[in-house]
$ cat entry_13.txt   # compact mmCIF, C-alpha atoms
# COMPACT_ATOMS: atom_id res chain seq x y z
CA MET A 1 31.80 -7.75 28.08
CA THR A 2 28.90 -10.08 27.28
CA THR A 3 30.15 -13.49 26.18
CA ALA A 4 28.50 -15.96 23.83
CA ARG A 5 27.95 -18.29 26.78
CA SER A 6 26.15 -15.66 28.83
CA LEU A 7 23.96 -14.79 25.84
CA LEU A 8 23.08 -18.45 25.33
CA MET A 9 22.21 -18.85 29.01
CA ALA A 10 20.12 -15.67 28.90
CA LEU A 11 18.24 -17.06 25.89
CA LEU A 12 17.66 -20.53 27.37
CA ALA A 13 17.00 -19.69 31.03
CA PRO A 14 13.51 -18.20 30.46
CA LEU A 15 12.55 -21.23 28.36
CA LEU A 16 13.69 -23.64 31.06
CA TYR A 17 11.79 -21.69 33.70
CA LEU A 18 8.68 -21.66 31.53
CA MET A 19 8.90 -25.39 30.87
CA ALA A 20 9.50 -26.15 34.55
CA ALA A 21 6.35 -24.23 35.53
CA ALA A 22 4.30 -25.92 32.80
CA PHE A 23 5.41 -29.46 33.66
CA LEU A 24 4.98 -28.92 37.39
CA ALA A 25 1.46 -27.71 36.70
CA ALA A 26 0.92 -30.79 34.52
CA LEU A 27 2.11 -32.99 37.36
CA VAL A 28 -0.44 -31.67 39.85
CA ALA A 29 -3.30 -31.19 37.34
CA TYR A 30 -4.51 -34.80 37.39
CA PRO A 31 -4.74 -35.26 41.19
CA ALA A 32 -6.26 -31.77 41.44
CA SER A 33 -8.92 -32.71 38.89
CA ARG A 34 -9.71 -35.90 40.83
CA LEU A 35 -9.93 -33.95 44.07
CA LEU A 36 -12.25 -31.35 42.54
CA GLY A 37 -14.35 -33.94 40.74
CA LEU A 38 -13.57 -32.58 37.26
CA GLU A 39 -14.10 -35.03 34.43
CA ASP A 40 -13.93 -32.92 31.27
CA ILE A 41 -10.65 -32.57 29.36
CA SER A 42 -11.26 -28.82 29.03
CA ASP A 43 -11.14 -28.55 32.83
CA LEU A 44 -7.77 -30.29 32.86
CA ARG A 45 -6.46 -27.97 30.16
CA SER A 46 -7.52 -25.01 32.30
CA LEU A 47 -5.76 -26.47 35.33
CA VAL A 48 -2.52 -26.89 33.39
CA SER A 49 -2.76 -23.41 31.87
CA ARG A 50 -3.78 -21.48 34.98
CA GLY A 51 -1.54 -23.55 37.21
CA GLY A 52 1.45 -22.88 34.99
CA GLN A 53 0.75 -19.14 35.02
CA ALA A 54 0.42 -19.14 38.81
CA LEU A 55 3.70 -21.03 39.22
CA LEU A 56 5.47 -18.62 36.88
CA LEU A 57 4.51 -15.75 39.16
CA LEU A 58 4.98 -17.53 42.49
CA GLY A 59 8.49 -18.59 41.50
CA LEU A 60 9.59 -15.01 40.97
CA TRP A 61 9.63 -14.13 44.66
CA PRO A 62 12.17 -16.78 45.82
CA ILE A 63 14.28 -16.17 42.71
CA GLY A 64 14.36 -12.43 43.40
CA ARG A 65 15.28 -12.99 47.03
CA ARG A 66 17.99 -15.45 46.05
CA LEU A 67 19.51 -12.92 43.67
CA GLY A 68 19.25 -10.11 46.20
CA TRP A 69 16.81 -7.99 44.22
CA ASP A 70 15.18 -4.98 45.84
CA LEU A 71 12.30 -2.81 44.64
CA ARG A 72 14.68 -0.79 42.48
CA THR A 73 15.86 -3.94 40.71
CA TRP A 74 12.27 -4.92 39.99
CA GLY A 75 11.74 -1.47 38.47
CA LEU A 76 9.47 0.06 41.10
CA GLY A 77 10.08 3.70 41.85
CA ALA A 78 8.48 6.54 43.75
CA ARG A 79 4.77 7.32 43.27
CA PRO A 80 3.81 4.08 41.49
CA VAL A 81 0.11 5.01 41.37
CA ARG A 82 0.88 8.28 39.60
CA GLN A 83 3.18 6.40 37.24
CA TRP A 84 0.48 3.83 36.52
CA LEU A 85 -2.11 6.50 35.75
CA ILE A 86 0.25 8.26 33.35
CA GLY A 87 1.04 4.95 31.67
CA PHE A 88 -2.65 4.07 31.40
CA GLY A 89 -3.37 7.37 29.70
CA LEU A 90 -0.45 7.00 27.28
CA GLY A 91 -1.32 3.38 26.49
CA GLY A 92 -4.95 4.29 25.92
CA LEU A 93 -3.97 7.08 23.52
CA MET A 94 -1.60 4.76 21.64
CA LEU A 95 -4.20 2.08 20.98
CA ALA A 96 -6.97 4.60 20.43
CA GLY A 97 -4.81 5.94 17.61
CA HIS A 98 -4.50 2.40 16.25
CA VAL A 99 -8.27 1.89 16.37
CA PHE A 100 -8.72 5.25 14.62
CA LEU A 101 -6.45 4.03 11.81
CA LEU A 102 -8.43 0.80 11.51
CA VAL A 103 -11.65 2.77 11.14
CA GLN A 104 -10.16 5.22 8.67
CA LEU A 105 -8.81 2.35 6.56
CA ASP A 106 -12.27 0.74 6.51
CA ILE A 107 -11.00 -2.36 8.31
CA ARG A 108 -13.31 -1.84 11.28
CA ALA A 109 -16.49 0.23 11.51
CA VAL A 110 -18.06 1.87 14.55
CA VAL A 111 -21.33 0.37 15.82
CA TRP A 112 -22.91 3.67 16.84
CA ASP A 113 -26.14 2.24 18.29
CA ARG A 114 -24.10 0.61 21.07
CA TRP A 115 -22.77 3.95 22.31
CA THR A 116 -25.28 4.30 25.11
CA ALA A 117 -24.63 4.58 28.84
CA ALA A 118 -26.41 1.30 29.54
CA TYR A 119 -24.23 -0.59 27.05
CA LEU A 120 -20.95 1.27 27.63
CA ALA A 121 -20.81 1.03 31.44
CA PRO A 122 -20.40 -2.78 31.75
CA VAL A 123 -18.18 -2.96 28.66
CA LEU A 124 -15.78 -0.32 29.97
CA ALA A 125 -15.79 -1.74 33.51
CA LYS A 126 -14.96 -5.24 32.25
CA ALA A 127 -12.28 -3.89 29.91
CA PHE A 128 -10.69 -1.93 32.74
CA GLY A 129 -10.64 -4.95 35.05
CA ILE A 130 -9.08 -7.20 32.42
CA GLY A 131 -6.50 -4.56 31.54
CA LEU A 132 -5.62 -4.01 35.18
CA GLY A 133 -5.07 -7.74 35.76
CA ILE A 134 -3.13 -8.46 32.58
CA GLY A 135 -0.95 -5.40 32.97
CA LEU A 136 -0.07 -6.31 36.54
CA ILE A 137 0.68 -9.98 35.84
CA GLU A 138 2.49 -9.76 32.51
CA GLU A 139 4.55 -6.68 33.37
CA THR A 140 5.67 -8.19 36.68
CA LEU A 141 6.84 -11.26 34.78
CA PHE A 142 8.35 -9.73 31.65
CA ARG A 143 9.39 -6.13 32.35
CA GLY A 144 9.91 -6.74 36.06
CA ALA A 145 11.68 -10.05 36.57
CA LEU A 146 12.77 -11.01 33.05
CA VAL A 147 14.26 -7.66 32.06
CA ALA A 148 16.02 -7.38 35.44
CA GLY A 149 17.54 -10.86 35.20
CA LEU A 150 18.51 -10.59 31.55
CA ARG A 151 20.04 -7.17 32.01
CA GLN A 152 22.31 -8.48 34.76
CA ALA A 153 23.21 -11.58 32.75
CA ALA A 154 23.58 -10.27 29.21
CA GLY A 155 23.22 -6.47 29.12
CA PRO A 156 20.40 -4.07 28.23
CA VAL A 157 20.16 -4.74 24.48
CA ALA A 158 19.86 -8.50 24.94
CA ALA A 159 17.38 -7.93 27.77
CA VAL A 160 15.10 -5.90 25.51
CA ILE A 161 15.22 -8.31 22.55
CA ILE A 162 15.01 -11.60 24.49
CA SER A 163 12.23 -10.41 26.80
CA ALA A 164 10.22 -9.16 23.79
CA PHE A 165 10.72 -12.53 22.08
CA TYR A 166 9.37 -14.47 25.06
CA PHE A 167 6.56 -11.96 25.54
CA ALA A 168 5.39 -12.71 22.00
CA ILE A 169 5.94 -16.47 22.30
CA LEU A 170 3.94 -16.84 25.50
CA HIS A 171 0.79 -15.61 23.77
CA PHE A 172 0.81 -18.66 21.49
CA ILE A 173 1.42 -21.36 24.09
CA GLY A 174 -1.95 -22.98 24.49
CA SER A 175 -3.42 -26.42 23.96
CA ARG A 176 -6.58 -27.73 22.37
CA TRP A 177 -5.49 -31.35 22.75
CA THR A 178 -8.30 -33.81 23.46
CA ALA A 179 -7.79 -37.22 25.05
CA GLU A 180 -8.97 -40.07 22.84
CA THR A 181 -9.11 -42.36 25.86
CA GLY A 182 -9.55 -41.70 29.57
CA ILE A 183 -7.74 -39.03 31.55
CA ASP A 184 -4.73 -40.26 33.54
CA TRP A 185 -1.40 -39.06 34.99
CA THR A 186 0.09 -38.52 31.53
CA THR A 187 -2.71 -36.32 30.22
CA GLY A 188 -1.42 -33.10 31.79
CA PHE A 189 2.03 -33.61 30.25
CA ARG A 190 0.49 -34.23 26.82
CA ILE A 191 -1.46 -31.01 27.17
CA ALA A 192 1.70 -29.09 28.12
CA LEU A 193 3.70 -30.56 25.23
CA ASP A 194 0.91 -29.78 22.78
CA GLY A 195 0.85 -26.20 24.06
CA PHE A 196 4.55 -25.72 23.35
CA ALA A 197 4.25 -27.44 19.97
CA ARG A 198 1.62 -24.93 18.84
CA VAL A 199 4.17 -22.10 19.03
CA SER A 200 5.58 -23.29 15.71
CA SER A 201 2.28 -22.43 13.99
CA ALA A 202 2.08 -18.88 15.38
CA PRO A 203 1.00 -16.46 12.63
CA ALA A 204 3.82 -14.17 11.54
CA ASP A 205 1.71 -10.99 11.63
CA ALA A 206 0.53 -11.50 15.22
CA PHE A 207 3.99 -12.55 16.40
CA LEU A 208 5.53 -9.43 14.86
CA GLY A 209 2.89 -7.19 16.41
CA LEU A 210 3.40 -8.65 19.87
CA PHE A 211 7.19 -8.65 19.50
CA VAL A 212 7.22 -4.92 18.67
CA ALA A 213 4.89 -4.26 21.61
CA GLY A 214 7.34 -6.13 23.84
CA LEU A 215 10.24 -4.13 22.41
CA LEU A 216 8.51 -0.86 23.23
CA LEU A 217 7.72 -1.82 26.82
CA ALA A 218 11.15 -3.35 27.46
CA THR A 219 12.91 -0.33 25.97
CA LEU A 220 10.87 1.97 28.20
CA ARG A 221 11.77 -0.15 31.24
CA THR A 222 15.46 -0.15 30.24
CA LEU A 223 15.81 3.56 29.48
CA TRP A 224 14.00 4.49 32.69
CA PRO A 225 14.89 1.62 35.06
CA ARG A 226 12.26 2.48 37.70
CA SER A 227 9.34 2.59 35.30
CA LEU A 228 7.67 -0.77 35.94
CA ALA A 229 4.45 0.88 37.14
CA LEU A 230 4.46 3.03 34.00
CA CYS A 231 4.74 -0.15 31.88
CA MET A 232 1.92 -1.76 33.86
CA GLY A 233 -0.34 1.21 33.23
CA MET A 234 0.56 1.40 29.55
CA HIS A 235 -0.14 -2.30 29.04
CA ALA A 236 -3.43 -1.93 30.91
CA GLY A 237 -4.34 0.99 28.67
CA TRP A 238 -3.70 -1.11 25.56
CA ILE A 239 -5.89 -3.94 26.80
CA PHE A 240 -8.59 -1.51 27.91
CA ILE A 241 -8.88 -0.04 24.42
CA ILE A 242 -8.81 -3.44 22.68
CA LYS A 243 -11.44 -4.97 24.96
CA SER A 244 -13.61 -1.86 24.66
CA ALA A 245 -13.25 -1.51 20.90
CA LYS A 246 -14.12 -5.11 20.09
CA PRO A 247 -17.83 -4.84 21.01
CA LEU A 248 -18.07 -1.22 19.86
CA THR A 249 -16.78 -1.84 16.34
CA TRP A 250 -17.19 -4.59 13.79
CA ILE A 251 -14.79 -6.05 11.23
CA ASP A 252 -15.47 -5.60 7.54
CA PRO A 253 -14.72 -9.08 6.11
CA GLU A 254 -14.65 -7.62 2.58
CA SER A 255 -11.99 -5.03 3.38
CA PRO A 256 -8.97 -5.37 1.05
CA ARG A 257 -6.76 -4.25 3.95
CA LEU A 258 -7.88 -6.95 6.36
CA TYR A 259 -4.43 -8.54 6.14
CA LEU A 260 -3.06 -5.62 8.16
CA ILE A 261 -4.53 -7.01 11.39
CA GLY A 262 -4.78 -10.76 10.83
CA PRO A 263 -6.99 -13.37 12.51
CA TYR A 264 -5.23 -13.62 15.89
CA ASP A 265 -7.52 -11.06 17.52
CA TYR A 266 -8.23 -8.72 14.59
CA PHE A 267 -6.23 -5.95 16.28
CA VAL A 268 -2.62 -7.18 16.46
CA GLY A 269 -0.76 -7.51 13.18
CA TYR A 270 1.38 -5.69 10.66
CA LEU A 271 -0.38 -2.36 11.20
CA SER A 272 0.02 -2.46 14.98
CA ALA A 273 3.68 -3.41 14.52
CA ALA A 274 4.22 -0.41 12.24
CA TRP A 275 2.29 1.93 14.55
CA LEU A 276 4.01 0.87 17.79
CA GLY A 277 7.34 0.63 15.99
CA SER A 278 6.98 4.27 14.91
CA LEU A 279 6.21 5.28 18.49
CA LEU A 280 9.24 3.31 19.68
CA LEU A 281 11.49 5.15 17.24
CA LEU A 282 9.97 8.45 18.35
CA MET A 283 10.69 7.55 21.98
CA LEU A 284 14.29 6.66 21.17
CA ALA A 285 14.75 9.89 19.22
CA GLY A 286 13.33 11.89 22.11
CA ARG A 287 15.65 10.17 24.56
CA TRP A 288 18.65 10.83 22.31
CA LEU A 289 17.78 14.53 22.00
CA TRP A 290 17.27 14.81 25.76
CA GLN A 291 20.67 13.26 26.46
CA LYS A 292 22.32 15.45 23.83
CA ASN A 293 20.88 18.64 25.33
CA ARG A 294 21.77 17.49 28.83
CA THR A 295 25.39 16.89 27.78
CA ARG A 296 25.56 20.29 26.09
CA ASP A 297 24.20 22.05 29.18
CA ARG A 298 26.87 20.46 31.35
CA ARG A 299 29.72 21.78 29.22
CA PRO A 300 31.60 24.72 30.78

$ encode --input "entry_13.txt" --output "structure tokens"
Amino acid sequence: MTTARSLLMALLAPLLYLMAAAFLAALVAYPASRLLGLEDISDLRSLVSRGGQALLLLGLWPIGRRLGWDLRTWGLGARPVRQWLIGFGLGGLMLAGHVFLLVQLDIRAVVWDRWTAAYLAPVLAKAFGIGLGIGLIEETLFRGALVAGLRQAAGPVAAVIISAFYFAILHFIGSRWTAETGIDWTTGFRIALDGFARVSSAPADAFLGLFVAGLLLATLRTLWPRSLALCMGMHAGWIFIIKSAKPLTWIDPESPRLYLIGPYDYFVGYLSAAWLGSLLLLMLAGRWLWQKNRTRDRRP
């Protein structure tokens, strides 16, 4: 049985790991900037941000080995490439449906004169590359390591909810802090603290949209434990559609339904939460029916 203490530890452990990576990156950012000859505060912010992300990923390997995780624990199964391709197709269809709704609701409009081979080729190639990278990195962190660790510590339900919470939160950790004086050893830590402080001002619509997206992916990973590659492909498909649709459509600033997507990226918001939430419920209903039929078939 999951105890209150184990739930509290499951809730706090990801935060402590995240803060440790951020502050370690802050510690090495200043000497790294001196070594590289970087003088601008924006360069230091990039070092703290990218360094923290790299440390988050690099720390997963020793933690997994320490806990005795194998490929099954991470969620990797047979035929990962096939899984990824299926996930990419499903993710692309999901977000294409979302974009279709945005167009039908007159929130976004298609820029038809950009639908030429010369314009589409670099846009689609860039969108695919970004989707591939983000899907690989974020799914390894959240649906790979975090879901595995939380499931062992607090059970599947807590794993889904807590991992989705941190998935949403991480998108709002970012600093725009500017040093009023010179850059020194403390600057990196001020940048890191400012980044965490900005989470409190995360817009509710974008947080909800990202949280529901995290719920869907974590539920998929939990119901089918060896589906990490499927989650990677699905996430990549989402990003591919978003990065492709941005230059191929434009936002109508006069639309009375603009509140459905919000200013975070003009894609994620209340509408995406409702759309992905409906798909999540459909997936759960399908799983329930499959289990029910399987149980009935086993009866003598």

$ residues_around --input "entry_13.txt" --residues "Leu150 (chain A)" --least-positions-apart "3" --cutoff "12 Å" --atoms "all atoms listed in the file" --output "PyMOL selection string"
chain A and resi 2+6-14+73-74+142-147+153-164+166+218+222

$ residues_around --input "entry_13.txt" --residues "region 169-174 of chain A" --least-positions-apart "6" --cutoff "9 Å" --atoms "all atoms listed in the file" --output "PDB file with C-alpha atoms, in the frame of the given file"
ATOM      1  CA  ARG A  45      -6.460 -27.970  30.160  1.00  0.00           C
ATOM      2  CA  SER A  49      -2.760 -23.410  31.870  1.00  0.00           C
ATOM      3  CA  ILE A 191      -1.460 -31.010  27.170  1.00  0.00           C
ATOM      4  CA  ALA A 192       1.700 -29.090  28.120  1.00  0.00           C
ATOM      5  CA  ASP A 194       0.910 -29.780  22.780  1.00  0.00           C
ATOM      6  CA  GLY A 195       0.850 -26.200  24.060  1.00  0.00           C
ATOM      7  CA  PHE A 196       4.550 -25.720  23.350  1.00  0.00           C
ATOM      8  CA  ALA A 197       4.250 -27.440  19.970  1.00  0.00           C
ATOM      9  CA  ARG A 198       1.620 -24.930  18.840  1.00  0.00           C
ATOM     10  CA  VAL A 199       4.170 -22.100  19.030  1.00  0.00           C
ATOM     11  CA  SER A 200       5.580 -23.290  15.710  1.00  0.00           C
ATOM     12  CA  SER A 201       2.280 -22.430  13.990  1.00  0.00           C
ATOM     13  CA  ALA A 202       2.080 -18.880  15.380  1.00  0.00           C
ATOM     14  CA  PHE A 207       3.990 -12.550  16.400  1.00  0.00           C
ATOM     15  CA  LEU A 210       3.400  -8.650  19.870  1.00  0.00           C
ATOM     16  CA  PHE A 211       7.190  -8.650  19.500  1.00  0.00           C
TER      17      PHE A 211
END

$ atom_distance --input "entry_13.txt" --atom1 "CA of Leu271 (chain A)" --atom2 "CA of Leu105 (chain A)"
10.7 Å

$ atom_distance --input "entry_13.txt" --atom1 "CA of Ala229 (chain A)" --atom2 "CA of Ala168 (chain A)"
20.4 Å

$ closest_residue --input "entry_13.txt" --among "A:Gly87, A:Gly51, A:Pro122, A:Pro31" --to "Arg221 (chain A)" --atoms "all atoms listed in the file"
A:Gly87

$ residues_around --input "entry_13.txt" --residues "region 124-137 of chain A" --least-positions-apart "5" --cutoff "8 Å" --atoms "all atoms listed in the file" --output "list in words"
Leu57, Cys231, Met232, Gly233, Met234, His235, Ala236, Gly237, Trp238, Ile239, Phe240, Ile241, Lys243 and Ser244 of chain A

$ closest_residue --input "entry_13.txt" --among "A:Thr116, A:Ser33, A:Thr186, A:Ser227" --to "Arg79 (chain A)" --atoms "all atoms listed in the file"
A:Ser227

$ closest_atom_pairs --input "entry_13.txt" --of "region 51-94 of chain A" --to "region 275-289 of chain A" --cutoff "12 Å" --atoms "all atoms listed in the file" --output "tab-separated table"
residue	atom	partner	partner_atom	distance
A:Leu90	CA	A:Leu279	CA	11.2
A:Gly91	CA	A:Leu276	CA	10.5
A:Leu93	CA	A:Leu279	CA	11.5
A:Met94	CA	A:Leu276	CA	7.8

$ atom_distance --input "entry_13.txt" --atom1 "CA of Tyr270 (chain A)" --atom2 "CA of Phe88 (chain A)"
23.3 Å

$ residues_around --input "entry_13.txt" --residues "Asp106 (chain A)" --least-positions-apart "5" --cutoff "8 Å" --atoms "only C-alpha atoms" --output "list in words"
Asp252, Ser255 and Arg257 of chain A

$ closest_residue --input "entry_13.txt" --among "A:Pro203, A:Gly59, A:Pro256, A:Gly92" --to "Ile242 (chain A)" --atoms "only C-alpha atoms"
A:Gly92

$ residues_around --input "entry_13.txt" --residues "Thr249 (chain A)" --least-positions-apart "5" --cutoff "12 Å" --atoms "only C-alpha atoms" --output "PyMOL selection string"
chain A and resi 99-100+102-103+106-115+241-244+266-267

$ closest_residue --input "entry_13.txt" --among "A:Lys292, A:Leu230, A:Thr140, A:Arg190" --to "Leu85 (chain A)" --atoms "all atoms listed in the file"
A:Leu230

$ closest_residue --input "entry_13.txt" --among "A:Tyr119, A:Trp250, A:Trp177, A:Phe167" --to "Leu141 (chain A)" --atoms "only C-alpha atoms"
A:Phe167

$ closest_residue --input "entry_13.txt" --among "A:Ile86, A:Ala245, A:Val81, A:Ile183" --to "Leu38 (chain A)" --atoms "all atoms listed in the file"
A:Ile183
